[in-house]
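One structure below.
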Amino acid sequence: MIYFDNAATTMIKPECVIKADAYALKSLSANAGRGSHSAAIKAAQIVYEARKAVQKLTACDDTAFTFNCTDALNTVIFGTAKKGGHIVTTIYEHNSTLRPIHELGKRMNVSYTAVKPNAHGVIDPAEVERAIRPNTYLIAVNQASNVTGVVAPVAQIGNIAKRHGIPYLIDGAQSVGYLDVNMREIGCNYLCFSPHKGLHGPQGLGCLCVRGNPPLLPLRFGGTGTASHTLVQPTDFPEGFESGTLPVNSIFALIAAITHYQRQPLSVTRNLANIGDLLRTELSKINGVKIYGKYNTLPNIVCFNLAKTNAAAVGNILNEQYDIAVRCGLHCAPLCHTYLGTLDCGAVRASLSYHNTSSEVEFFVKAIREISK
């Protein structure tokens, strides 16, 4: 199989990640922070080391481990909610951001403004600032669109958030592992991501990173290993946001994934950029192909459609006749597809990662050329 669905999850994991996960399942499956015996202490040490690894990667102050990126985003969006308040976001957001915001409209009369991009398809920071109201209490932006790969000017938006004293949330699902994501430089208070995408880490784990002691209340309630004498959920970060048993094996594999990523030579990043540019360039030469997103896009995401051909049909043909995996449909981003004019037909997304090759890209382009005929 040629696997071009890495924006959903990277299928190929480094050997060090696989070994770390297997070792932890075998030797470190105690409950971290829930006992004083040596196994529980060892598991807790792994969790601590993982927090430090994430801190080094993102320049955060601390990290709470969640089920996935969606869980982390929900925690921030519900955990900062203000009745009758207002949120500024963008049309590029994933449903993991848009749906909880929409739900807050029903529960707490929270309104929102989804900023549209400029003529180049890029979010204009000035438009974000113009969308701010007196009751705006959160700015939520994804650093890179999961549909088109367009990268938002997150640092400029961070300056605006700081100037207005508004907490700032970054969805880093598509950016961590492909871009340098530094919370200090971005100026964000919350960063959410999952290691199973750009870091080639395990599934079933999310990271909720915070910086600057921002306001936040827990979304889930239960055992935390702290303040066990009271029925009141502790709000100390991160333990108060980690109710239940942590997946120590996945957390140990996360350390391996981060270490592997940080040791990658610059040539690996350059190669990914080169094959991404090759894919975009060659697809643009095919009659009937329309590529979405032109400026300031990640090189590893190319979203397109074939004229008069349903995106799902293209995906099925690629899978059944060419053994190529891509993502087709609406990509859980309805406002983005409304903006692109693809809400009815969807779009084809080919997303690359470091293991993909130029020969795979050439075979893919040949397949699209044949389908277009």
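Scheme for the structure tokens: letters A, B, ... for chains in order shown; per-chain residue numbers from 1; ligand numbers from 1 in order shown.
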A:Asn68: which residues within 12 Å, counting only C-alpha atoms, same-chain residues fewer than 5 positions away excluded, as a PDB file with N, CA and C atoms, in the first residue's frame?
```
ATOM      1  N   THR A   9      -3.575   9.854  10.634  1.00  0.00           N
ATOM      2  CA  THR A   9      -2.636   9.237  11.570  1.00  0.00           C
ATOM      3  C   THR A   9      -1.499   8.647  10.755  1.00  0.00           C
ATOM      4  N   LEU A  73      -8.878  19.516  23.407  1.00  0.00           N
ATOM      5  CA  LEU A  73      -9.568  20.722  22.944  1.00  0.00           C
ATOM      6  C   LEU A  73     -10.889  20.921  23.689  1.00  0.00           C
ATOM      7  N   ASN A  74     -11.635  19.834  23.875  1.00  0.00           N
ATOM      8  CA  ASN A  74     -12.884  19.920  24.631  1.00  0.00           C
ATOM      9  C   ASN A  74     -12.626  20.401  26.054  1.00  0.00           C
ATOM     10  N   THR A  75     -11.550  19.929  26.650  1.00  0.00           N
ATOM     11  CA  THR A  75     -11.226  20.325  28.020  1.00  0.00           C
ATOM     12  C   THR A  75     -11.018  21.828  28.108  1.00  0.00           C
ATOM     13  N   SER A  96     -13.612  19.180  16.173  1.00  0.00           N
ATOM     14  CA  SER A  96     -13.218  19.011  17.573  1.00  0.00           C
ATOM     15  C   SER A  96     -13.142  20.355  18.295  1.00  0.00           C
ATOM     16  N   ASP A 171      -4.821  24.761  18.246  1.00  0.00           N
ATOM     17  CA  ASP A 171      -4.985  23.359  17.868  1.00  0.00           C
ATOM     18  C   ASP A 171      -3.758  22.993  17.033  1.00  0.00           C
ATOM     19  N   GLY A 172      -2.877  22.188  17.615  1.00  0.00           N
ATOM     20  CA  GLY A 172      -1.635  21.820  16.943  1.00  0.00           C
ATOM     21  C   GLY A 172      -1.669  20.431  16.343  1.00  0.00           C
ATOM     22  N   ALA A 173      -2.862  19.906  16.073  1.00  0.00           N
ATOM     23  CA  ALA A 173      -2.985  18.531  15.586  1.00  0.00           C
ATOM     24  C   ALA A 173      -2.166  18.287  14.328  1.00  0.00           C
ATOM     25  N   CYS A 192      -2.952  22.082  22.091  1.00  0.00           N
ATOM     26  CA  CYS A 192      -3.445  20.703  22.100  1.00  0.00           C
ATOM     27  C   CYS A 192      -2.928  19.962  20.877  1.00  0.00           C
ATOM     28  N   PHE A 193      -2.483  18.728  21.093  1.00  0.00           N
ATOM     29  CA  PHE A 193      -2.049  17.900  19.966  1.00  0.00           C
ATOM     30  C   PHE A 193      -2.070  16.436  20.374  1.00  0.00           C
ATOM     31  N   SER A 194      -1.968  15.564  19.364  1.00  0.00           N
ATOM     32  CA  SER A 194      -1.844  14.128  19.602  1.00  0.00           C
ATOM     33  C   SER A 194      -0.543  13.643  18.967  1.00  0.00           C
ATOM     34  N   PRO A 195       0.158  12.723  19.616  1.00  0.00           N
ATOM     35  CA  PRO A 195       1.436  12.253  19.067  1.00  0.00           C
ATOM     36  C   PRO A 195       1.302  11.310  17.889  1.00  0.00           C
ATOM     37  N   HIS A 196       0.091  10.834  17.576  1.00  0.00           N
ATOM     38  CA  HIS A 196      -0.035   9.813  16.527  1.00  0.00           C
ATOM     39  C   HIS A 196       0.004  10.378  15.115  1.00  0.00           C
ATOM     40  N   LYS A 197       0.139  11.699  14.988  1.00  0.00           N
ATOM     41  CA  LYS A 197       0.219  12.311  13.658  1.00  0.00           C
ATOM     42  C   LYS A 197       1.682  12.633  13.337  1.00  0.00           C
ATOM     43  N   GLY A 201       3.870   8.927  16.817  1.00  0.00           N
ATOM     44  CA  GLY A 201       3.737   8.297  18.111  1.00  0.00           C
ATOM     45  C   GLY A 201       2.502   7.421  18.200  1.00  0.00           C
ATOM     46  N   PRO A 202       2.111   7.037  19.412  1.00  0.00           N
ATOM     47  CA  PRO A 202       0.992   6.113  19.617  1.00  0.00           C
ATOM     48  C   PRO A 202      -0.367   6.799  19.524  1.00  0.00           C
ATOM     49  N   GLN A 203      -1.387   6.019  19.180  1.00  0.00           N
ATOM     50  CA  GLN A 203      -2.758   6.498  19.232  1.00  0.00           C
ATOM     51  C   GLN A 203      -3.276   6.403  20.668  1.00  0.00           C
ATOM     52  N   GLY A 204      -4.415   7.050  20.908  1.00  0.00           N
ATOM     53  CA  GLY A 204      -5.045   6.942  22.221  1.00  0.00           C
ATOM     54  C   GLY A 204      -4.430   7.825  23.277  1.00  0.00           C
ATOM     55  N   LEU A 205      -3.755   8.899  22.864  1.00  0.00           N
ATOM     56  CA  LEU A 205      -3.120   9.808  23.816  1.00  0.00           C
ATOM     57  C   LEU A 205      -3.171  11.219  23.243  1.00  0.00           C
ATOM     58  N   GLY A 206      -3.463  12.182  24.105  1.00  0.00           N
ATOM     59  CA  GLY A 206      -3.442  13.584  23.717  1.00  0.00           C
ATOM     60  C   GLY A 206      -2.637  14.382  24.717  1.00  0.00           C
ATOM     61  N   CYS A 207      -2.212  15.559  24.295  1.00  0.00           N
ATOM     62  CA  CYS A 207      -1.434  16.441  25.170  1.00  0.00           C
ATOM     63  C   CYS A 207      -2.118  17.796  25.257  1.00  0.00           C
ATOM     64  N   LEU A 208      -2.418  18.216  26.473  1.00  0.00           N
ATOM     65  CA  LEU A 208      -2.956  19.535  26.739  1.00  0.00           C
ATOM     66  C   LEU A 208      -1.862  20.330  27.426  1.00  0.00           C
ATOM     67  N   PRO A 247      -2.428   5.887  30.319  1.00  0.00           N
ATOM     68  CA  PRO A 247      -1.825   4.841  29.487  1.00  0.00           C
ATOM     69  C   PRO A 247      -0.304   4.955  29.515  1.00  0.00           C
ATOM     70  N   SER A 250       1.681   4.165  26.317  1.00  0.00           N
ATOM     71  CA  SER A 250       1.634   5.193  25.279  1.00  0.00           C
ATOM     72  C   SER A 250       2.455   6.413  25.662  1.00  0.00           C
ATOM     73  N   ILE A 251       2.463   6.738  26.940  1.00  0.00           N
ATOM     74  CA  ILE A 251       3.242   7.877  27.415  1.00  0.00           C
ATOM     75  C   ILE A 251       4.735   7.588  27.296  1.00  0.00           C
TER      76      ILE A 251
END
```
Could you find all residues in stretch 125-333 of chain A that DSSP calls helix (DSSP H, G or I) from the backbone, and write them as a ChimeraX atom specification? /A:125-130,154-164,183-186,239-241,248-262,266-283,311-322
Give me the stretch 225-312 of chain A side of the contact with stretch 58-61 of chain A, cut-off 12 Å, one line per residue showing its nearest atom pair and distance in Å at one decimal, counting only C-alpha atoms, sorted by chain and residue number, as CSV.
```
residue,atom,partner,partner_atom,distance
A:Phe237,CA,A:Asp61,CA,10.3
A:Pro238,CA,A:Asp61,CA,10.4
A:Ile258,CA,A:Thr58,CA,10.6
A:Gln262,CA,A:Thr58,CA,11.7
```
With only C-alpha atoms counted and 10 Å as the cut-off, give the residues of stretch 137-237 of chain A in contact with stretch 333-342 of chain A, each with its shortest interatomic distance in Å and the pair that gives it, as a tab-separated table.
```
residue	atom	partner	partner_atom	distance
A:Ser145	CA	A:Cys336	CA	8.9
A:Asn146	CA	A:Ala333	CA	8.2
A:Val147	CA	A:Ala333	CA	7.5
A:Thr148	CA	A:Cys336	CA	8.9
```
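Within 10 Å of A:Pro214, once only C-alpha atoms are used and residues closer than 3 positions along the same chain are dropped, the contacting residues are Thr80, Ile166, Pro167, Tyr168, Cys188, Asn189, Tyr190, Val210 and Arg211 of chain A.
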Backbone-only DSSP, strand (DSSP E or B) members of stretch 44-269 of chain A, as a VMD selection string: chain A and resid 62 to 66 86 to 90 111 to 115 136 to 142 144 150 to 151 168 to 171 176 179 190 to 193 206 to 210
Based on the selection just made, write C-alpha atoms of those residues as an mmCIF file, in the first residue's frame.
```
data_model
loop_
_atom_site.group_PDB
_atom_site.id
_atom_site.type_symbol
_atom_site.label_atom_id
_atom_site.label_comp_id
_atom_site.auth_asym_id
_atom_site.auth_seq_id
_atom_site.Cartn_x
_atom_site.Cartn_y
_atom_site.Cartn_z
ATOM 1 C CA ASP A 62 3.171 21.801 32.031
ATOM 2 C CA THR A 63 1.146 19.107 30.253
ATOM 3 C CA ALA A 64 -1.931 17.092 31.114
ATOM 4 C CA PHE A 65 -2.366 13.805 29.259
ATOM 5 C CA THR A 66 -5.784 13.260 27.701
ATOM 6 C CA HIS A 86 -17.959 35.196 22.911
ATOM 7 C CA ILE A 87 -15.228 33.175 21.179
ATOM 8 C CA VAL A 88 -13.174 34.184 18.144
ATOM 9 C CA THR A 89 -12.183 31.295 15.896
ATOM 10 C CA THR A 90 -11.741 30.637 12.140
ATOM 11 C CA SER A 111 -21.634 33.081 20.657
ATOM 12 C CA TYR A 112 -18.708 32.899 18.265
ATOM 13 C CA THR A 113 -17.233 34.553 15.197
ATOM 14 C CA ALA A 114 -15.495 32.335 12.621
ATOM 15 C CA VAL A 115 -13.033 34.549 10.758
ATOM 16 C CA THR A 136 -14.720 37.791 24.066
ATOM 17 C CA TYR A 137 -12.991 35.425 26.462
ATOM 18 C CA LEU A 138 -11.157 32.976 24.146
ATOM 19 C CA ILE A 139 -9.392 32.958 20.785
ATOM 20 C CA ALA A 140 -9.149 29.470 19.241
ATOM 21 C CA VAL A 141 -7.111 28.854 16.084
ATOM 22 C CA ASN A 142 -5.641 25.788 14.442
ATOM 23 C CA ALA A 144 -2.484 24.335 10.229
ATOM 24 C CA VAL A 150 -2.762 26.414 5.219
ATOM 25 C CA VAL A 151 -0.733 27.752 8.148
ATOM 26 C CA TYR A 168 -5.415 31.919 23.390
ATOM 27 C CA LEU A 169 -5.854 28.294 22.288
ATOM 28 C CA ILE A 170 -3.872 26.608 19.503
ATOM 29 C CA ASP A 171 -4.985 23.359 17.868
ATOM 30 C CA VAL A 176 3.351 19.427 15.859
ATOM 31 C CA LEU A 179 6.507 22.843 12.289
ATOM 32 C CA TYR A 190 -3.111 26.400 25.559
ATOM 33 C CA LEU A 191 -1.739 24.006 22.958
ATOM 34 C CA CYS A 192 -3.445 20.703 22.100
ATOM 35 C CA PHE A 193 -2.049 17.900 19.966
ATOM 36 C CA GLY A 206 -3.442 13.584 23.717
ATOM 37 C CA CYS A 207 -1.434 16.441 25.170
ATOM 38 C CA LEU A 208 -2.956 19.535 26.739
ATOM 39 C CA CYS A 209 -0.096 21.974 27.203
ATOM 40 C CA VAL A 210 -0.463 25.191 29.185
#
```
Contacts of A:Leu306 at 9 Å or less, counting only C-alpha atoms, minus same-chain residues fewer than 6 places along, as a CSV table (one decimal) with C-alpha atoms, in the first residue's frame?
```
chain,number,residue,atom,x,y,z
A,287,ASN,CA,-6.5,18.8,-16.8
A,288,GLY,CA,-9.5,19.0,-14.5
A,289,VAL,CA,-7.5,19.0,-11.2
A,290,LYS,CA,-8.4,21.8,-8.8
A,314,VAL,CA,-11.8,9.0,-6.5
A,347,ALA,CA,-12.4,16.8,-1.5
A,348,VAL,CA,-9.5,14.4,-1.8
A,368,ILE,CA,-4.8,10.5,-10.9
A,371,ILE,CA,-8.6,8.4,-13.4
A,372,SER,CA,-9.0,11.9,-14.9
```
Between atom CA of A:Ala131 and atom CA of A:Pro218, measure the distance and give it in Å to one decimal. 27.8 Å
Please provide the set of residues having any atom within 12 Å of stretch 263-278 of chain A, restricted to only C-alpha atoms, with same-chain residues fewer than 4 positions apart removed, written as a PyMOL selection string. chain A and resi 4+14+57+149+177-180+198-199+256-259+282-285+294+297-303+350-365
Quick one: of A:Asn31, A:Thr97, A:Asn118, A:Thr235, who's nearest to A:Phe78, counting only C-alpha atoms?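 Looking at the shortest contact to A:Phe78, the residue is A:Thr97.
One distance worth recording is that between atom CA of A:Lys19 and atom CA of A:Ala253, which is 7.9 Å.
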Which distance in Å separates atom CA of A:Ile77 and atom CA of A:Asn6, to one decimal?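 A separation of 26.1 Å between them.
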